[in-house]
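Note: the block below is start-v6.cif and it holds mmCIF, C-alpha atoms.
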data_run
loop_
_atom_site.group_PDB
_atom_site.id
_atom_site.type_symbol
_atom_site.label_atom_id
_atom_site.label_comp_id
_atom_site.auth_asym_id
_atom_site.auth_seq_id
_atom_site.Cartn_x
_atom_site.Cartn_y
_atom_site.Cartn_z
ATOM 1 C CA MET N 12 28.233 -19.582 -23.460
ATOM 2 C CA ASP N 13 31.560 -17.968 -22.509
ATOM 3 C CA VAL N 14 30.050 -14.514 -22.966
ATOM 4 C CA LEU N 15 27.049 -15.446 -20.800
ATOM 5 C CA GLN N 16 29.307 -16.895 -18.112
ATOM 6 C CA GLU N 17 31.409 -13.752 -18.076
ATOM 7 C CA LEU N 18 28.278 -11.622 -17.705
ATOM 8 C CA LEU N 19 26.962 -13.706 -14.820
ATOM 9 C CA LEU N 20 30.300 -13.658 -13.040
ATOM 10 C CA SER N 21 30.562 -9.906 -13.421
ATOM 11 C CA LYS N 22 27.119 -9.518 -11.871
ATOM 12 C CA LEU N 23 28.298 -11.502 -8.877
ATOM 13 C CA ARG N 24 31.702 -9.773 -8.859
ATOM 14 C CA LEU N 25 33.377 -13.152 -8.729
ATOM 15 C CA GLY N 26 35.572 -12.944 -11.809
ATOM 16 C CA ASP N 27 39.040 -14.478 -11.408
ATOM 17 C CA SER N 28 40.735 -11.225 -12.345
ATOM 18 C CA GLU N 29 38.676 -9.169 -9.896
ATOM 19 C CA GLU N 30 40.945 -7.403 -7.425
ATOM 20 C CA LYS N 31 40.024 -7.308 -3.752
ATOM 21 C CA PRO N 32 37.814 -4.214 -3.236
ATOM 22 C CA ILE N 33 39.290 -1.254 -1.411
ATOM 23 C CA GLN N 34 37.782 -0.615 2.033
ATOM 24 C CA VAL N 35 37.263 3.134 2.321
ATOM 25 C CA LEU N 36 35.712 3.151 5.795
ATOM 26 C CA ASP N 37 38.137 2.879 8.702
ATOM 27 C CA GLU N 38 35.396 0.847 10.422
ATOM 28 C CA VAL N 39 32.271 -0.699 8.883
ATOM 29 C CA SER N 40 29.917 0.954 11.352
ATOM 30 C CA PHE N 41 27.811 4.061 11.939
ATOM 31 C CA ASP N 42 30.827 5.812 13.480
ATOM 32 C CA GLY N 43 32.945 4.816 10.490
ATOM 33 C CA VAL N 44 30.409 6.400 8.150
ATOM 34 C CA VAL N 45 30.349 9.577 10.257
ATOM 35 C CA ARG N 46 34.127 9.943 10.214
ATOM 36 C CA TYR N 47 34.201 9.357 6.464
ATOM 37 C CA MET N 48 31.447 11.927 5.837
ATOM 38 C CA ALA N 49 33.332 14.492 7.904
ATOM 39 C CA SER N 50 36.489 14.001 5.860
ATOM 40 C CA ASP N 51 37.544 15.776 2.673
ATOM 41 C CA LYS N 52 37.399 12.444 0.858
ATOM 42 C CA CYS N 53 33.596 12.483 0.909
ATOM 43 C CA LYS N 54 32.251 15.172 -1.397
ATOM 44 C CA ASN N 55 30.010 13.472 -3.984
ATOM 45 C CA ILE N 56 27.176 11.929 -1.976
ATOM 46 C CA ILE N 57 24.222 10.395 -3.790
ATOM 47 C CA VAL N 58 21.057 9.879 -1.756
ATOM 48 C CA MET N 59 18.233 7.520 -2.722
ATOM 49 C CA VAL N 60 14.916 8.038 -0.932
ATOM 50 C CA GLY N 61 11.467 6.475 -0.855
ATOM 51 C CA ALA N 62 8.106 6.970 0.804
ATOM 52 C CA GLY N 63 9.543 6.405 4.288
ATOM 53 C CA ILE N 64 11.005 9.914 4.432
ATOM 54 C CA SER N 65 7.556 11.471 4.039
ATOM 55 C CA THR N 66 5.531 9.362 6.478
ATOM 56 C CA CYS N 67 6.457 11.677 9.359
ATOM 57 C CA ALA N 68 4.857 14.477 7.328
ATOM 58 C CA GLY N 69 1.581 12.546 7.440
ATOM 59 C CA ILE N 70 1.777 11.112 3.932
ATOM 60 C CA PRO N 71 1.041 7.355 3.929
ATOM 61 C CA ASP N 72 3.484 5.014 2.268
ATOM 62 C CA PHE N 73 2.328 2.427 -0.232
ATOM 63 C CA ARG N 74 2.993 -0.997 1.249
ATOM 64 C CA SER N 75 2.465 -0.855 5.046
ATOM 65 C CA PRO N 76 -0.064 -3.621 5.855
ATOM 66 C CA LYS N 77 -2.637 -1.421 7.642
ATOM 67 C CA SER N 78 -1.753 2.237 7.043
ATOM 68 C CA GLY N 79 -0.326 2.072 3.514
ATOM 69 C CA ILE N 80 -2.134 3.427 0.472
ATOM 70 C CA TYR N 81 -2.587 -0.027 -1.081
ATOM 71 C CA ALA N 82 -4.282 -1.307 2.101
ATOM 72 C CA ASN N 83 -6.897 1.472 2.101
ATOM 73 C CA LEU N 84 -8.331 1.551 -1.406
ATOM 74 C CA GLN N 85 -11.489 -0.526 -0.890
ATOM 75 C CA LYS N 86 -13.790 2.470 -1.490
ATOM 76 C CA TYR N 87 -12.563 2.749 -5.089
ATOM 77 C CA ASN N 88 -13.752 -0.744 -6.106
ATOM 78 C CA LEU N 89 -10.522 -1.514 -7.944
ATOM 79 C CA PRO N 90 -9.784 -4.854 -9.599
ATOM 80 C CA ASN N 91 -6.570 -4.871 -7.518
ATOM 81 C CA PRO N 92 -4.917 -2.197 -5.328
ATOM 82 C CA MET N 93 -2.133 -1.429 -7.783
ATOM 83 C CA ALA N 94 -4.633 -0.725 -10.565
ATOM 84 C CA ILE N 95 -4.983 2.835 -9.313
ATOM 85 C CA PHE N 96 -1.458 3.460 -10.629
ATOM 86 C CA GLU N 97 -1.678 1.343 -13.793
ATOM 87 C CA ILE N 98 -1.725 3.389 -16.990
ATOM 88 C CA ASN N 99 -4.156 1.121 -18.867
ATOM 89 C CA TYR N 100 -6.672 1.193 -16.011
ATOM 90 C CA PHE N 101 -6.251 4.960 -15.718
ATOM 91 C CA LYS N 102 -7.147 5.418 -19.381
ATOM 92 C CA GLU N 103 -10.345 3.423 -18.841
ATOM 93 C CA ASN N 104 -11.288 4.887 -15.444
ATOM 94 C CA PRO N 105 -9.255 7.889 -14.216
ATOM 95 C CA SER N 106 -11.674 8.882 -11.422
ATOM 96 C CA PRO N 107 -10.196 6.724 -8.615
ATOM 97 C CA PHE N 108 -6.734 8.153 -9.165
ATOM 98 C CA PHE N 109 -7.930 11.750 -9.007
ATOM 99 C CA GLN N 110 -9.947 11.046 -5.848
ATOM 100 C CA LEU N 111 -6.783 9.665 -4.237
ATOM 101 C CA ALA N 112 -4.693 12.533 -5.621
ATOM 102 C CA LYS N 113 -6.859 14.989 -3.714
ATOM 103 C CA GLU N 114 -5.812 13.283 -0.465
ATOM 104 C CA ILE N 115 -2.073 13.237 -1.188
ATOM 105 C CA TYR N 116 -1.687 16.330 -3.367
ATOM 106 C CA PRO N 117 1.399 18.551 -2.847
ATOM 107 C CA GLY N 118 0.770 21.638 -0.752
ATOM 108 C CA LYS N 119 -0.944 19.992 2.231
ATOM 109 C CA TYR N 120 2.223 18.790 3.955
ATOM 110 C CA LYS N 121 5.527 20.129 5.280
ATOM 111 C CA PRO N 122 9.007 18.660 4.731
ATOM 112 C CA THR N 123 10.385 16.436 7.472
ATOM 113 C CA VAL N 124 13.696 16.279 9.327
ATOM 114 C CA CYS N 125 14.895 13.975 6.530
ATOM 115 C CA HIS N 126 14.151 16.543 3.852
ATOM 116 C CA TYR N 127 16.016 19.265 5.715
ATOM 117 C CA PHE N 128 18.950 16.938 6.339
ATOM 118 C CA LEU N 129 19.179 16.596 2.554
ATOM 119 C CA ARG N 130 19.098 20.385 2.341
ATOM 120 C CA LEU N 131 22.033 20.551 4.766
ATOM 121 C CA LEU N 132 23.998 18.091 2.631
ATOM 122 C CA HIS N 133 23.485 20.439 -0.291
ATOM 123 C CA ASP N 134 24.296 23.593 1.701
ATOM 124 C CA LYS N 135 27.540 21.977 2.868
ATOM 125 C CA LYS N 136 28.418 21.084 -0.736
ATOM 126 C CA LYS N 137 28.365 17.362 -0.078
ATOM 127 C CA LEU N 138 25.337 16.395 -2.180
ATOM 128 C CA LEU N 139 25.922 15.319 -5.754
ATOM 129 C CA ARG N 140 22.339 14.261 -6.465
ATOM 130 C CA LEU N 141 19.124 13.100 -4.835
ATOM 131 C CA TYR N 142 17.189 10.283 -6.499
ATOM 132 C CA THR N 143 13.641 10.175 -5.153
ATOM 133 C CA GLN N 144 10.785 7.751 -5.691
ATOM 134 C CA ASN N 145 8.389 10.281 -4.168
ATOM 135 C CA VAL N 146 6.047 12.564 -6.091
ATOM 136 C CA ASP N 147 5.116 14.841 -3.171
ATOM 137 C CA THR N 148 7.706 17.534 -4.148
ATOM 138 C CA LEU N 149 8.728 18.016 -0.495
ATOM 139 C CA GLU N 150 12.416 17.961 -1.473
ATOM 140 C CA ILE N 151 11.901 21.133 -3.514
ATOM 141 C CA LEU N 152 9.791 22.731 -0.772
ATOM 142 C CA ALA N 153 12.662 22.039 1.633
ATOM 143 C CA GLY N 154 14.935 24.161 -0.543
ATOM 144 C CA LEU N 155 16.808 21.727 -2.764
ATOM 145 C CA PRO N 156 17.495 23.136 -6.258
ATOM 146 C CA ALA N 157 15.614 21.322 -9.018
ATOM 147 C CA ASP N 158 18.864 20.348 -10.753
ATOM 148 C CA LYS N 159 19.917 18.406 -7.647
ATOM 149 C CA VAL N 160 16.748 16.272 -7.664
ATOM 150 C CA VAL N 161 16.013 13.379 -10.010
ATOM 151 C CA ASP N 162 12.326 12.454 -9.822
ATOM 152 C CA ALA N 163 12.668 8.773 -10.652
ATOM 153 C CA HIS N 164 8.926 8.208 -10.638
ATOM 154 C CA GLY N 165 7.935 11.551 -12.065
ATOM 155 C CA THR N 166 6.377 14.615 -10.470
ATOM 156 C CA PHE N 167 3.137 16.480 -9.819
ATOM 157 C CA HIS N 168 4.840 19.724 -10.853
ATOM 158 C CA THR N 169 3.705 19.364 -14.467
ATOM 159 C CA SER N 170 0.945 17.496 -16.279
ATOM 160 C CA HIS N 171 0.280 16.551 -19.902
ATOM 161 C CA CYS N 172 -2.637 15.490 -22.025
ATOM 162 C CA ILE N 173 -2.454 11.712 -22.501
ATOM 163 C CA ASN N 174 -3.361 11.978 -26.201
ATOM 164 C CA PRO N 175 -0.084 11.167 -28.034
ATOM 165 C CA SER N 176 -0.904 13.592 -30.827
ATOM 166 C CA CYS N 177 -1.637 16.439 -28.407
ATOM 167 C CA ARG N 178 0.458 16.226 -25.200
ATOM 168 C CA LYS N 179 -0.433 19.781 -24.137
ATOM 169 C CA LEU N 180 1.422 20.914 -21.007
ATOM 170 C CA TYR N 181 -0.415 22.039 -17.862
ATOM 171 C CA THR N 182 0.845 23.630 -14.645
ATOM 172 C CA LEU N 183 0.684 22.469 -11.039
ATOM 173 C CA GLU N 184 -1.793 25.264 -10.257
ATOM 174 C CA TRP N 185 -4.116 24.271 -13.126
ATOM 175 C CA MET N 186 -4.109 20.629 -12.042
ATOM 176 C CA ARG N 187 -4.676 21.528 -8.393
ATOM 177 C CA GLU N 188 -7.766 23.572 -9.274
ATOM 178 C CA LYS N 189 -9.250 20.681 -11.243
ATOM 179 C CA ILE N 190 -8.530 18.056 -8.599
ATOM 180 C CA PHE N 191 -9.921 20.099 -5.716
ATOM 181 C CA SER N 192 -13.017 20.885 -7.777
ATOM 182 C CA ASP N 193 -13.564 17.100 -7.982
ATOM 183 C CA GLU N 194 -13.186 17.166 -11.750
ATOM 184 C CA VAL N 195 -11.423 14.669 -13.976
ATOM 185 C CA PRO N 196 -9.086 17.111 -15.782
ATOM 186 C CA SER N 197 -9.771 17.353 -19.492
ATOM 187 C CA CYS N 198 -7.521 18.854 -22.130
ATOM 188 C CA THR N 199 -8.677 22.241 -23.395
ATOM 189 C CA GLU N 200 -7.432 21.342 -26.873
ATOM 190 C CA CYS N 201 -8.670 17.803 -27.501
ATOM 191 C CA GLN N 202 -10.841 16.976 -24.419
ATOM 192 C CA ASP N 203 -8.793 13.874 -23.582
ATOM 193 C CA THR N 204 -7.709 13.269 -19.983
ATOM 194 C CA VAL N 205 -4.806 15.223 -18.499
ATOM 195 C CA LYS N 206 -2.484 13.268 -16.198
ATOM 196 C CA PRO N 207 0.169 14.518 -13.778
ATOM 197 C CA ASP N 208 3.663 13.583 -14.936
ATOM 198 C CA ILE N 209 4.062 10.853 -12.347
ATOM 199 C CA VAL N 210 5.122 7.438 -13.635
ATOM 200 C CA PHE N 211 2.402 4.789 -13.642
ATOM 201 C CA PHE N 212 2.963 1.053 -13.917
ATOM 202 C CA GLY N 213 3.356 0.391 -17.610
ATOM 203 C CA GLU N 214 5.162 3.666 -18.329
ATOM 204 C CA ARG N 215 8.856 4.278 -18.868
ATOM 205 C CA LEU N 216 10.767 6.248 -16.257
ATOM 206 C CA PRO N 217 11.840 9.779 -17.228
ATOM 207 C CA GLU N 218 14.840 9.934 -19.540
ATOM 208 C CA ARG N 219 16.651 12.153 -17.040
ATOM 209 C CA PHE N 220 16.701 9.244 -14.576
ATOM 210 C CA PHE N 221 18.784 7.099 -16.928
ATOM 211 C CA VAL N 222 21.035 9.895 -18.179
ATOM 212 C CA SER N 223 21.770 11.218 -14.689
ATOM 213 C CA ALA N 224 22.429 7.786 -13.221
ATOM 214 C CA GLU N 225 24.955 7.037 -15.954
ATOM 215 C CA GLU N 226 26.775 10.301 -15.247
ATOM 216 C CA ASP N 227 26.499 10.440 -11.456
ATOM 217 C CA PHE N 228 27.147 6.980 -10.074
ATOM 218 C CA PRO N 229 30.700 6.492 -11.406
ATOM 219 C CA ILE N 230 31.843 9.460 -9.267
ATOM 220 C CA CYS N 231 29.701 8.685 -6.209
ATOM 221 C CA ASP N 232 31.882 8.396 -3.098
ATOM 222 C CA LEU N 233 29.061 7.667 -0.615
ATOM 223 C CA LEU N 234 25.600 6.262 -1.282
ATOM 224 C CA ILE N 235 22.947 6.965 1.367
ATOM 225 C CA ILE N 236 19.625 5.110 1.085
ATOM 226 C CA ILE N 237 16.688 6.303 3.201
ATOM 227 C CA GLY N 238 13.132 5.069 3.666
ATOM 228 C CA THR N 239 12.653 2.783 0.678
ATOM 229 C CA SER N 240 11.751 -0.884 0.341
ATOM 230 C CA LEU N 241 14.098 -1.183 -2.669
ATOM 231 C CA SER N 242 11.500 -3.460 -4.210
ATOM 232 C CA VAL N 243 10.755 -1.560 -7.430
ATOM 233 C CA GLN N 244 13.088 -1.791 -10.406
ATOM 234 C CA PRO N 245 14.955 -0.108 -11.986
ATOM 235 C CA PHE N 246 15.248 2.275 -9.027
ATOM 236 C CA ALA N 247 16.294 -0.505 -6.637
ATOM 237 C CA GLY N 248 19.084 -1.563 -8.975
ATOM 238 C CA LEU N 249 20.882 1.743 -8.497
ATOM 239 C CA VAL N 250 22.521 0.398 -5.331
ATOM 240 C CA ASP N 251 24.739 -1.770 -7.539
ATOM 241 C CA ASN N 252 25.711 1.147 -9.792
ATOM 242 C CA ALA N 253 28.017 2.720 -7.225
ATOM 243 C CA PRO N 254 31.733 1.928 -7.601
ATOM 244 C CA ALA N 255 32.893 -1.205 -5.785
ATOM 245 C CA LYS N 256 34.773 0.801 -3.140
ATOM 246 C CA THR N 257 31.938 3.259 -2.396
ATOM 247 C CA PRO N 258 30.398 2.866 1.084
ATOM 248 C CA ARG N 259 26.619 2.411 1.225
ATOM 249 C CA PHE N 260 24.609 3.543 4.248
ATOM 250 C CA LEU N 261 20.967 2.567 4.813
ATOM 251 C CA ILE N 262 18.571 4.386 7.167
ATOM 252 C CA ASN N 263 15.392 2.315 7.390
ATOM 253 C CA LYS N 264 13.054 0.447 9.739
ATOM 254 C CA GLU N 265 14.223 -2.890 8.352
ATOM 255 C CA LYS N 266 16.930 -4.387 6.188
ATOM 256 C CA VAL N 267 16.246 -4.101 2.473
ATOM 257 C CA GLY N 268 18.169 -4.387 -0.750
ATOM 258 C CA GLN N 269 19.638 -7.819 -0.107
ATOM 259 C CA SER N 270 19.122 -9.375 -3.519
ATOM 260 C CA MET N 271 17.328 -12.711 -3.830
ATOM 261 C CA TYR N 272 18.427 -12.973 -7.479
ATOM 262 C CA PRO N 273 22.022 -11.701 -7.559
ATOM 263 C CA ILE N 274 22.783 -13.196 -10.982
ATOM 264 C CA VAL N 275 19.937 -11.251 -12.584
ATOM 265 C CA LEU N 276 19.612 -8.137 -10.435
ATOM 266 C CA GLY N 277 23.087 -7.755 -8.938
ATOM 267 C CA PRO N 278 24.361 -8.664 -5.462
ATOM 268 C CA GLY N 279 22.613 -5.811 -3.640
ATOM 269 C CA LEU N 280 23.490 -4.738 -0.102
ATOM 270 C CA GLN N 281 25.673 -7.131 1.881
ATOM 271 C CA PHE N 282 25.000 -6.365 5.556
ATOM 272 C CA ASP N 283 25.122 -9.977 6.724
ATOM 273 C CA SER N 284 28.010 -11.155 4.570
ATOM 274 C CA GLU N 285 31.271 -12.025 6.274
ATOM 275 C CA ALA N 286 32.967 -10.271 3.377
ATOM 276 C CA ASN N 287 31.061 -7.003 3.964
ATOM 277 C CA TYR N 288 33.473 -4.107 3.731
ATOM 278 C CA ARG N 289 31.204 -1.133 2.976
ATOM 279 C CA ASP N 290 27.508 -1.603 3.853
ATOM 280 C CA VAL N 291 26.166 -0.097 7.092
ATOM 281 C CA MET N 292 22.606 0.172 8.427
ATOM 282 C CA TRP N 293 20.946 2.459 10.981
ATOM 283 C CA GLU N 294 17.702 0.782 12.032
ATOM 284 C CA GLY N 295 14.733 2.961 12.947
ATOM 285 C CA LEU N 296 12.578 5.839 11.753
ATOM 286 C CA CYS N 297 14.032 7.948 8.968
ATOM 287 C CA ASP N 298 13.748 11.242 10.846
ATOM 288 C CA ASP N 299 15.480 9.737 13.886
ATOM 289 C CA GLY N 300 18.263 8.312 11.740
ATOM 290 C CA CYS N 301 18.900 11.602 9.947
ATOM 291 C CA GLN N 302 18.900 13.515 13.232
ATOM 292 C CA ALA N 303 21.311 10.979 14.748
ATOM 293 C CA LEU N 304 23.615 11.364 11.760
ATOM 294 C CA ALA N 305 23.422 15.156 11.945
ATOM 295 C CA ASP N 306 24.159 15.051 15.691
ATOM 296 C CA ALA N 307 27.201 12.842 15.136
ATOM 297 C CA LEU N 308 28.469 15.191 12.426
ATOM 298 C CA GLY N 309 28.044 18.230 14.666
ATOM 299 C CA TRP N 310 25.119 19.530 12.601
ATOM 300 C CA GLY N 311 22.364 18.576 15.035
ATOM 301 C CA GLU N 312 21.389 21.988 16.381
ATOM 302 C CA GLU N 313 21.698 23.526 12.925
ATOM 303 C CA LEU N 314 19.257 20.936 11.584
ATOM 304 C CA LYS N 315 16.755 21.495 14.401
ATOM 305 C CA LYS N 316 16.843 25.255 13.846
ATOM 306 C CA LEU N 317 16.432 24.841 10.097
ATOM 307 C CA VAL N 318 13.348 22.647 10.575
ATOM 308 C CA LYS N 319 11.804 25.070 13.077
ATOM 309 C CA ASP N 320 12.459 28.186 10.986
ATOM 310 C CA GLU N 321 11.327 26.642 7.708
ATOM 311 C CA HIS N 322 8.107 25.214 9.165
ATOM 312 C CA ALA N 323 7.292 28.652 10.582
ATOM 313 C CA ARG N 324 7.934 30.213 7.162
ATOM 314 C CA ILE N 325 5.684 27.700 5.406
ATOM 315 C CA ASP N 326 2.903 28.268 7.943
ATOM 316 C CA ARG N 327 3.084 32.033 7.399
ATOM 317 C CA GLU N 328 2.963 31.685 3.632
ATOM 318 C CA ARG N 329 -0.029 29.320 3.749
ATOM 319 C CA GLU N 330 -1.943 31.677 6.019
ATOM 320 C CA GLN N 331 -1.646 34.508 3.496
#
Would it be possible to restate this file's structure as structure tokens?
Amino acid sequence: MDVLQELLLSKLRLGDSEEKPIQVLDEVSFDGVVRYMASDKCKNIIVMVGAGISTCAGIPDFRSPKSGIYANLQKYNLPNPMAIFEINYFKENPSPFFQLAKEIYPGKYKPTVCHYFLRLLHDKKKLLRLYTQNVDTLEILAGLPADKVVDAHGTFHTSHCINPSCRKLYTLEWMREKIFSDEVPSCTECQDTVKPDIVFFGERLPERFFVSAEEDFPICDLLIIIGTSLSVQPFAGLVDNAPAKTPRFLINKEKVGQSMYPIVLGPGLQFDSEANYRDVMWEGLCDDGCQALADALGWGEELKKLVKDEHARIDREREQ
């Protein structure tokens, strides 16, 4: 019982020997975050992003009541909306997923202001790592190196045969050809179904997610969270992996990450706590929040030019 009690207390950070956390921000506010980011003390930023950063690109999120993917799946006659991303259902009936994949497949969209803000963080040598729930690959298209991006929920970049004894690898181009030919992709070796390497419900997250999180979060000196509901574990639990003194800054349309089960899942973000010493929120659209942050840092015009130039480049390449 003593061991269990110690574990529960550590989750709540209420242990008797716990020292009072250090407040890094000179003010727990947007301006305080800006001043900290501009300082030499802030050089290992981790960013966590979700579907909200891609909605301005025209990609629907999952959970919006009317416009989200889950709210618009009636034509697939699913037993429940989430079945389209359940691995057992996919093995029985892969067609609905591939019909949806054609609508959201990488290559149809352009990165948003958010994506290019992340690129600026990297260019200015502030970004330690980006952890993304998205599978649209827009972070890479925006110019982030692959080693800076952890695809928590997998990627469309590669695909594999689902047969455990085969597991043949296929490229993005091969999968695109099959999907846009309205085919269910079949393995050329064993004729089983080929699935993009995105993580379905019932599958384990990529090993790199766990390894990177263990290495990165202990040295994180600012955690920025953008456009995610923080409702899916274990991704959501990353907010509690940052050191106790590390500021956490949320850009989102609503407050998220405030744990309902702190003993089990960790205390989460503490915006409304009187004891809050590090959590700050900017409420609104992700693109607007990233532009506001860039403006406050003196990067605003640079970001606007980057977006304009890169979108023009992408348009030229797609016309060829």
Residue members of the PyMOL selection byres ((chain N and resi 63) around 10) in the file shown, as an MDAnalysis selection string: chainID N and resid 60:62 64:68 70:73 125 145 237:240 262:264 296:298
Please determine, counting only C-alpha atoms, which residue among N:Glu321, N:Asp134, N:Glu328, N:Glu214 has the shortest atom-to-atom distance to Ala153 (chain N).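 Ranking N:Glu321, N:Asp134, N:Glu328, N:Glu214 by distance to Ala153 (chain N), first place goes to N:Glu321.
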What residues have an atom no more than 12 Å from (33.2, 9.5, 7.3) in the file's own frame, counting only C-alpha atoms, and can you write them as number ranges by chain? N: 35-54, 56, 137, 232-234, 257-260, 289, 291, 304, 307-308
Care to translate the PyMOL selection byres ((chain N and resi 176-183) around 10) into actual residues of this file, as a PyMOL selection string? chain N and resi 117+166-175+184-188+198-201+203+205-208
Answer key for the PyMOL selection byres ((chain N and resi 194) around 12), residues as a compact mmCIF listing (two decimals) with C-alpha atoms, in the frame of the given file:
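Output saved as out_2.txt:
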# COMPACT_ATOMS: atom_id res chain seq x y z
CA PRO N 105 -9.26 7.89 -14.22
CA SER N 106 -11.67 8.88 -11.42
CA PRO N 107 -10.20 6.72 -8.62
CA PHE N 108 -6.73 8.15 -9.16
CA PHE N 109 -7.93 11.75 -9.01
CA GLN N 110 -9.95 11.05 -5.85
CA ALA N 112 -4.69 12.53 -5.62
CA LYS N 113 -6.86 14.99 -3.71
CA TRP N 185 -4.12 24.27 -13.13
CA MET N 186 -4.11 20.63 -12.04
CA ARG N 187 -4.68 21.53 -8.39
CA GLU N 188 -7.77 23.57 -9.27
CA LYS N 189 -9.25 20.68 -11.24
CA ILE N 190 -8.53 18.06 -8.60
CA PHE N 191 -9.92 20.10 -5.72
CA SER N 192 -13.02 20.88 -7.78
CA ASP N 193 -13.56 17.10 -7.98
CA VAL N 195 -11.42 14.67 -13.98
CA PRO N 196 -9.09 17.11 -15.78
CA SER N 197 -9.77 17.35 -19.49
CA CYS N 198 -7.52 18.85 -22.13
CA THR N 204 -7.71 13.27 -19.98
CA VAL N 205 -4.81 15.22 -18.50
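The shortest atom-to-atom distance to Gly248 (chain N), with all atoms listed in the file taken into account, belongs to N:Met59 out of N:Ile33, N:Met59, N:Val160, N:Leu141.
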Here's a test: counting all atoms listed in the file, identify every protein, DNA and RNA residue with an atom at most 9 Å from (15.2, 6.3, -14.2) in the file's coordinate frame, and state them as an NGL selection string. :N and (142 or 161-164 or 215-224 or 245-246)
If I take CA of Cys231 (chain N) and CA of Val210 (chain N), how far is one from the other in Å, to one decimal?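 According to the coordinates, CA of Cys231 (chain N) and CA of Val210 (chain N) are separated by 25.7 Å.
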CA of Leu149 (chain N) to CA of Pro122 (chain N), distance in Å rounded to a single decimal: 5.3 Å
Straight-line distance linking CA of Leu139 (chain N) with CA of Asn55 (chain N), stated in Å to one decimal: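 Computed distance, CA of Leu139 (chain N) to CA of Asn55 (chain N), equals 4.8 Å.
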Coordinates of box centre and edge lengths for region 215-225 of chain N, 3 Å on every side, axis-aligned, as AutoDock Vina command-line options:
--center_x 16.9 --center_y 8.2 --center_z -16.4 --size_x 22.1 --size_y 13.9 --size_z 12.3
Find the residues around His133 (chain N) up to 9 Å (all atoms listed in the file counted), leave out those fewer than 6 positions away in its own chain, and share them as a PyMOL selection string. chain N and resi 139-140+155-156+159
I want to know what sits within 9 Å of Asn252 (chain N), based on all atoms listed in the file, with residues of the same chain fewer than 2 positions away left out; could you give that as an MDAnalysis selection string? chainID N and resid 224:225 228:229 248:250 254:255
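Here the question is which of N:Pro278, N:Gly118, N:Gly295, N:Pro32 gets nearest to Lys266 (chain N) using only C-alpha atoms, and that residue is N:Gly295.
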